[in-house]
Amino acid sequence: MQQYIARRGDTVSRIAARHGLTPEHVIQGNPWAGSQPYLYPGQVLFLPSAPRKRYAVQEGDDAHSIASLFGVGIDELEMLNPGVSSGRICLPGKVLVIPAAARREEVYLRGEYGPADLEADTARLADKYPFVSTETIGTSVLGKPITLLRIGSGPRHLHVNGALHANEWLTAPALMRFIEEYAAAFASGSPWHGHQPADWHRDWTLWAVPMANPDGVELVQEGALPDHPYCAALMKWNSGRRSFRHWKANIRGVDLGDQFPAHWEEERDRRQVPGPAPRDYSGHAPLCEPEAAALAALAERIPGDAAVSLHSQGAEIYWNYRGYEPPESKRWAAGLAAVSGYRAVELTGSDAGYKDWFIQRFRKPGFTVELGIGKNPLPAADFEDMALETGLILGAILSNLK
């Protein structure tokens, strides 16, 4: 058992990931940590030693098959189980200690995925794959960068954004994982789930903003400590609740999903939320928030041939907007539904979203994709499925739905 002192930005999940534990291990040793919404700097936790995975040798096993089964190297397996590679102890019933598998991906969850994780992963991808370029297209209310990644050199342009809603932060790493897998496949000349990334790169340029609402994401994950510049206001807007897990808005209580100039006044009147709130407040004017303004400015600077806004949850794809959408949108939506297992939905009674504005402004296909099923924020265990579904949808668009 070791002692750990919580620091700013720590969460139970992040501490667990850093020490090779599960959140349940941390809470088991510190029951109080499961009864408060966030950790506070200076709190002392007692952490158990990381548990070792074990495996009972089965008939027909050898060191190579066991190493392959768990994705580890023979040398690593031998280090913890001397003699296993020679076959002397690799006998049915023998219990072996399995080393932790090395991560092959740069993008994975180390607890919650916040602005710092995005910054680190962006730097790693840009360093590993020089053809992935990055820039900052604006800053949030609190001055955090709104990061853009670009890949491809084609004449057609696809805009994609994630984490527009704060408690839908899992969409950010899902998009980042697709960018990594695209880049890795392109660099090696390999196919990706039946697609050819070399064709994507030749035909399209992908403009991706994985975390459009970094302040809100950080608030959901870490809460508002007393020294937070908006602490008093946030507590008021949140009706005195200390947990912000349900928060969708940006740090000023404006719902960025209701910020775009597509029948904005009608959406504001329909919502009837008069001021800052966890969700559904449209702001005092369209694009009054810097995060929404940055997305709109990017699309105006680089007019797109298609756009996708990633949200959660519902396993649905919204593709239309008041008849402004081009004829191919419905066909594209059916194709995206087929590859992802999601449901294509013709939506009415909703305005002022990014997809709505993009369709109205450019008359090109635009989609809101509701990743996953459950209650936001979705559990980290859903990440791998969400990342694959994101990739299948974006891959289908980049392949022109062939």
# chains A, B, ... in the order shown; residues from 1 in each chain; ligands from 1
$ closest_atom_pairs --of "segment 90-197 of chain A" --to "segment 356-373 of chain A" --cutoff "10 Å" --atoms "only C-alpha atoms" --output "Markdown table"
| residue | atom | partner | partner_atom | distance |
| --- | --- | --- | --- | --- |
| A:Leu158 | CA | A:Gly366 | CA | 9.7 |
| A:His159 | CA | A:Gly366 | CA | 9.2 |
| A:Val160 | CA | A:Phe367 | CA | 9.5 |
| A:Asn161 | CA | A:Thr368 | CA | 9.9 |
| A:Gly162 | CA | A:Val369 | CA | 9.8 |
| A:Glu168 | CA | A:Leu371 | CA | 9.3 |
| A:Leu170 | CA | A:Leu371 | CA | 9.1 |
| A:Thr171 | CA | A:Leu371 | CA | 7.5 |
| A:Ala174 | CA | A:Leu371 | CA | 9.4 |
$ select_by_dssp --residues "segment 75-186 of chain A" --states "helix (DSSP H, G or I)" --output "PyMOL selection string"
chain A and resi 75-80+84-86+115-128+166-168+171-186
$ select_by_dssp --residues "segment 144-361 of chain A" --states "strand (DSSP E or B)" --output "ChimeraX atom specification"
/A:145-152,156-161,192,195,204-209,306-312,316-318,343-345
$ atom_distance --atom1 "atom CA of Leu398 of chain A" --atom2 "atom CA of Ala294 of chain A"
23.8 Å
$ closest_residue --among "A:Lys94, A:His201, A:Arg241, A:Arg343" --to "Ala315 of chain A" --atoms "only C-alpha atoms"
A:Arg343
$ residues_around --residues "segment 268-272 of chain A" --least-positions-apart "2" --cutoff "10 Å" --atoms "only C-alpha atoms" --output "NGL selection string"
:A and (258-259 or 263-266 or 274-275 or 279-286 or 349-352)
$ residues_around --residues "Glu76 of chain A" --least-positions-apart "2" --cutoff "9 Å" --atoms "only C-alpha atoms" --output "VMD selection string"
chain A and resid 67 72 to 74 78 to 81 98 to 100
$ write_last_selection --atoms "all heavy atoms" --output "PDB file, in the first residue's frame"
ATOM      1  N   ALA A  67       2.151 -15.689 -25.338  1.00  0.00           N
ATOM      2  CA  ALA A  67       2.578 -14.308 -25.571  1.00  0.00           C
ATOM      3  C   ALA A  67       1.692 -13.635 -26.623  1.00  0.00           C
ATOM      4  O   ALA A  67       1.296 -12.476 -26.467  1.00  0.00           O
ATOM      5  CB  ALA A  67       4.037 -14.292 -26.012  1.00  0.00           C
ATOM      6  N   VAL A  72       2.030  -9.706 -25.688  1.00  0.00           N
ATOM      7  CA  VAL A  72       3.286  -9.370 -25.009  1.00  0.00           C
ATOM      8  C   VAL A  72       4.438 -10.086 -25.699  1.00  0.00           C
ATOM      9  O   VAL A  72       4.239 -11.002 -26.489  1.00  0.00           O
ATOM     10  CB  VAL A  72       3.232  -9.748 -23.512  1.00  0.00           C
ATOM     11  CG1 VAL A  72       2.105  -9.008 -22.814  1.00  0.00           C
ATOM     12  CG2 VAL A  72       3.063 -11.254 -23.319  1.00  0.00           C
ATOM     13  N   GLY A  73       5.655  -9.662 -25.376  1.00  0.00           N
ATOM     14  CA  GLY A  73       6.828 -10.280 -25.961  1.00  0.00           C
ATOM     15  C   GLY A  73       7.276 -11.528 -25.204  1.00  0.00           C
ATOM     16  O   GLY A  73       7.032 -11.659 -24.002  1.00  0.00           O
ATOM     17  N   ILE A  74       7.957 -12.422 -25.901  1.00  0.00           N
ATOM     18  CA  ILE A  74       8.487 -13.636 -25.265  1.00  0.00           C
ATOM     19  C   ILE A  74       9.465 -13.267 -24.151  1.00  0.00           C
ATOM     20  O   ILE A  74       9.452 -13.864 -23.068  1.00  0.00           O
ATOM     21  CB  ILE A  74       9.191 -14.522 -26.310  1.00  0.00           C
ATOM     22  CG1 ILE A  74       8.173 -15.104 -27.301  1.00  0.00           C
ATOM     23  CG2 ILE A  74       9.959 -15.644 -25.629  1.00  0.00           C
ATOM     24  CD1 ILE A  74       7.270 -16.143 -26.704  1.00  0.00           C
ATOM     25  N   GLU A  78       9.234 -14.321 -20.296  1.00  0.00           N
ATOM     26  CA  GLU A  78      10.334 -15.082 -19.676  1.00  0.00           C
ATOM     27  C   GLU A  78      10.844 -14.382 -18.420  1.00  0.00           C
ATOM     28  O   GLU A  78      11.196 -15.034 -17.420  1.00  0.00           O
ATOM     29  CB  GLU A  78      11.469 -15.242 -20.687  1.00  0.00           C
ATOM     30  CG  GLU A  78      12.730 -15.911 -20.147  1.00  0.00           C
ATOM     31  CD  GLU A  78      12.574 -17.400 -19.910  1.00  0.00           C
ATOM     32  OE1 GLU A  78      11.698 -18.018 -20.537  1.00  0.00           O
ATOM     33  OE2 GLU A  78      13.338 -17.943 -19.078  1.00  0.00           O
ATOM     34  N   MET A  79      10.877 -13.053 -18.430  1.00  0.00           N
ATOM     35  CA  MET A  79      11.389 -12.305 -17.288  1.00  0.00           C
ATOM     36  C   MET A  79      10.579 -12.585 -16.029  1.00  0.00           C
ATOM     37  O   MET A  79      11.137 -12.702 -14.924  1.00  0.00           O
ATOM     38  CB  MET A  79      11.368 -10.806 -17.599  1.00  0.00           C
ATOM     39  CG  MET A  79      12.049  -9.931 -16.556  1.00  0.00           C
ATOM     40  SD  MET A  79      12.062  -8.184 -17.056  1.00  0.00           S
ATOM     41  CE  MET A  79      12.988  -8.294 -18.582  1.00  0.00           C
ATOM     42  N   LEU A  80       9.263 -12.693 -16.170  1.00  0.00           N
ATOM     43  CA  LEU A  80       8.415 -12.952 -15.012  1.00  0.00           C
ATOM     44  C   LEU A  80       8.210 -14.431 -14.737  1.00  0.00           C
ATOM     45  O   LEU A  80       7.759 -14.803 -13.650  1.00  0.00           O
ATOM     46  CB  LEU A  80       7.052 -12.279 -15.216  1.00  0.00           C
ATOM     47  CG  LEU A  80       7.039 -10.750 -15.272  1.00  0.00           C
ATOM     48  CD1 LEU A  80       5.616 -10.225 -15.466  1.00  0.00           C
ATOM     49  CD2 LEU A  80       7.631 -10.150 -14.004  1.00  0.00           C
ATOM     50  N   ASN A  81       8.560 -15.276 -15.720  1.00  0.00           N
ATOM     51  CA  ASN A  81       8.367 -16.728 -15.582  1.00  0.00           C
ATOM     52  C   ASN A  81       9.592 -17.449 -16.126  1.00  0.00           C
ATOM     53  O   ASN A  81       9.556 -18.018 -17.227  1.00  0.00           O
ATOM     54  CB  ASN A  81       7.114 -17.167 -16.352  1.00  0.00           C
ATOM     55  CG  ASN A  81       5.868 -16.393 -15.966  1.00  0.00           C
ATOM     56  OD1 ASN A  81       5.185 -16.721 -15.010  1.00  0.00           O
ATOM     57  ND2 ASN A  81       5.560 -15.342 -16.735  1.00  0.00           N
ATOM     58  N   ILE A  98       1.454 -12.757 -16.144  1.00  0.00           N
ATOM     59  CA  ILE A  98       1.443 -12.124 -17.471  1.00  0.00           C
ATOM     60  C   ILE A  98       1.846 -10.655 -17.338  1.00  0.00           C
ATOM     61  O   ILE A  98       1.241  -9.905 -16.572  1.00  0.00           O
ATOM     62  CB  ILE A  98       0.049 -12.219 -18.115  1.00  0.00           C
ATOM     63  CG1 ILE A  98      -0.426 -13.673 -18.144  1.00  0.00           C
ATOM     64  CG2 ILE A  98       0.054 -11.612 -19.506  1.00  0.00           C
ATOM     65  CD1 ILE A  98       0.448 -14.599 -18.960  1.00  0.00           C
ATOM     66  N   PRO A  99       2.868 -10.233 -18.073  1.00  0.00           N
ATOM     67  CA  PRO A  99       3.259  -8.806 -18.011  1.00  0.00           C
ATOM     68  C   PRO A  99       2.209  -7.936 -18.678  1.00  0.00           C
ATOM     69  O   PRO A  99       1.391  -8.404 -19.474  1.00  0.00           O
ATOM     70  CB  PRO A  99       4.581  -8.780 -18.788  1.00  0.00           C
ATOM     71  CG  PRO A  99       4.508  -9.954 -19.715  1.00  0.00           C
ATOM     72  CD  PRO A  99       3.713 -11.012 -18.991  1.00  0.00           C
ATOM     73  N   ALA A 100       2.227  -6.667 -18.344  1.00  0.00           N
ATOM     74  CA  ALA A 100       1.302  -5.719 -18.974  1.00  0.00           C
ATOM     75  C   ALA A 100       1.665  -5.569 -20.442  1.00  0.00           C
ATOM     76  O   ALA A 100       2.841  -5.472 -20.801  1.00  0.00           O
ATOM     77  CB  ALA A 100       1.375  -4.374 -18.274  1.00  0.00           C
TER      78      ALA A 100
END
$ closest_residue --among "A:Lys248, A:Arg202, A:Arg124, A:His195" --to "Gly216 of chain A" --atoms "only C-alpha atoms"
A:Lys248
$ residues_around --residues "segment 225-230 of chain A" --least-positions-apart "2" --cutoff "8 Å" --atoms "only C-alpha atoms" --output "list in words"
Tyr40, Gly223, Ala232, Ala233, Leu234, Ile251 and Arg252 of chain A
$ write_last_selection --atoms "all heavy atoms" --output "mmCIF file, in the first residue's frame"
data_model
loop_
_atom_site.group_PDB
_atom_site.id
_atom_site.type_symbol
_atom_site.label_atom_id
_atom_site.label_comp_id
_atom_site.auth_asym_id
_atom_site.auth_seq_id
_atom_site.Cartn_x
_atom_site.Cartn_y
_atom_site.Cartn_z
ATOM 1 N N TYR A 40 -9.812 16.747 -4.427
ATOM 2 C CA TYR A 40 -9.278 18.080 -4.197
ATOM 3 C C TYR A 40 -7.775 17.978 -3.942
ATOM 4 O O TYR A 40 -7.309 17.038 -3.276
ATOM 5 C CB TYR A 40 -9.959 18.737 -2.996
ATOM 6 C CG TYR A 40 -11.461 18.767 -3.116
ATOM 7 C CD1 TYR A 40 -12.272 18.186 -2.148
ATOM 8 C CD2 TYR A 40 -12.067 19.354 -4.224
ATOM 9 C CE1 TYR A 40 -13.653 18.204 -2.271
ATOM 10 C CE2 TYR A 40 -13.447 19.368 -4.353
ATOM 11 C CZ TYR A 40 -14.236 18.796 -3.380
ATOM 12 O OH TYR A 40 -15.595 18.805 -3.519
ATOM 13 N N GLY A 223 -14.371 19.542 -12.110
ATOM 14 C CA GLY A 223 -15.157 20.414 -11.250
ATOM 15 C C GLY A 223 -14.596 21.826 -11.195
ATOM 16 O O GLY A 223 -13.689 22.194 -11.941
ATOM 17 N N ALA A 232 -17.958 30.982 -8.520
ATOM 18 C CA ALA A 232 -19.209 31.456 -7.922
ATOM 19 C C ALA A 232 -20.346 31.438 -8.933
ATOM 20 O O ALA A 232 -21.471 31.000 -8.627
ATOM 21 C CB ALA A 232 -19.012 32.863 -7.366
ATOM 22 N N ALA A 233 -20.058 31.889 -10.148
ATOM 23 C CA ALA A 233 -21.100 31.908 -11.178
ATOM 24 C C ALA A 233 -21.522 30.487 -11.551
ATOM 25 O O ALA A 233 -22.716 30.201 -11.707
ATOM 26 C CB ALA A 233 -20.596 32.650 -12.408
ATOM 27 N N LEU A 234 -20.549 29.602 -11.687
ATOM 28 C CA LEU A 234 -20.862 28.216 -12.052
ATOM 29 C C LEU A 234 -21.734 27.545 -11.003
ATOM 30 O O LEU A 234 -22.687 26.822 -11.339
ATOM 31 C CB LEU A 234 -19.577 27.420 -12.260
ATOM 32 C CG LEU A 234 -18.792 27.747 -13.534
ATOM 33 C CD1 LEU A 234 -17.386 27.172 -13.460
ATOM 34 C CD2 LEU A 234 -19.513 27.216 -14.772
ATOM 35 N N ILE A 251 -17.915 27.354 -20.540
ATOM 36 C CA ILE A 251 -17.685 27.806 -19.166
ATOM 37 C C ILE A 251 -18.563 28.992 -18.797
ATOM 38 O O ILE A 251 -18.752 29.291 -17.602
ATOM 39 C CB ILE A 251 -16.186 28.128 -18.953
ATOM 40 C CG1 ILE A 251 -15.783 27.946 -17.480
ATOM 41 C CG2 ILE A 251 -15.856 29.536 -19.441
ATOM 42 C CD1 ILE A 251 -15.813 26.506 -17.022
ATOM 43 N N ARG A 252 -19.148 29.669 -19.805
ATOM 44 C CA ARG A 252 -20.061 30.777 -19.530
ATOM 45 C C ARG A 252 -21.519 30.335 -19.540
ATOM 46 O O ARG A 252 -22.423 31.168 -19.552
ATOM 47 C CB ARG A 252 -19.844 31.905 -20.549
ATOM 48 C CG ARG A 252 -18.577 32.705 -20.291
ATOM 49 C CD ARG A 252 -18.598 34.086 -20.935
ATOM 50 N NE ARG A 252 -18.513 34.056 -22.376
ATOM 51 C CZ ARG A 252 -17.615 34.775 -23.079
ATOM 52 N NH1 ARG A 252 -16.726 35.535 -22.440
ATOM 53 N NH2 ARG A 252 -17.612 34.733 -24.390
#
$ closest_atom_pairs --of "segment 258-302 of chain A" --to "segment 147-150 of chain A" --cutoff "12 Å" --atoms "only C-alpha atoms" --output "CSV"
residue,atom,partner,partner_atom,distance
A:Glu291,CA,A:Thr147,CA,10.7
A:Ala294,CA,A:Thr147,CA,10.2
A:Leu295,CA,A:Leu148,CA,9.8
A:Leu298,CA,A:Leu148,CA,9.5
A:Ala299,CA,A:Leu148,CA,11.9
A:Ile302,CA,A:Arg150,CA,11.8
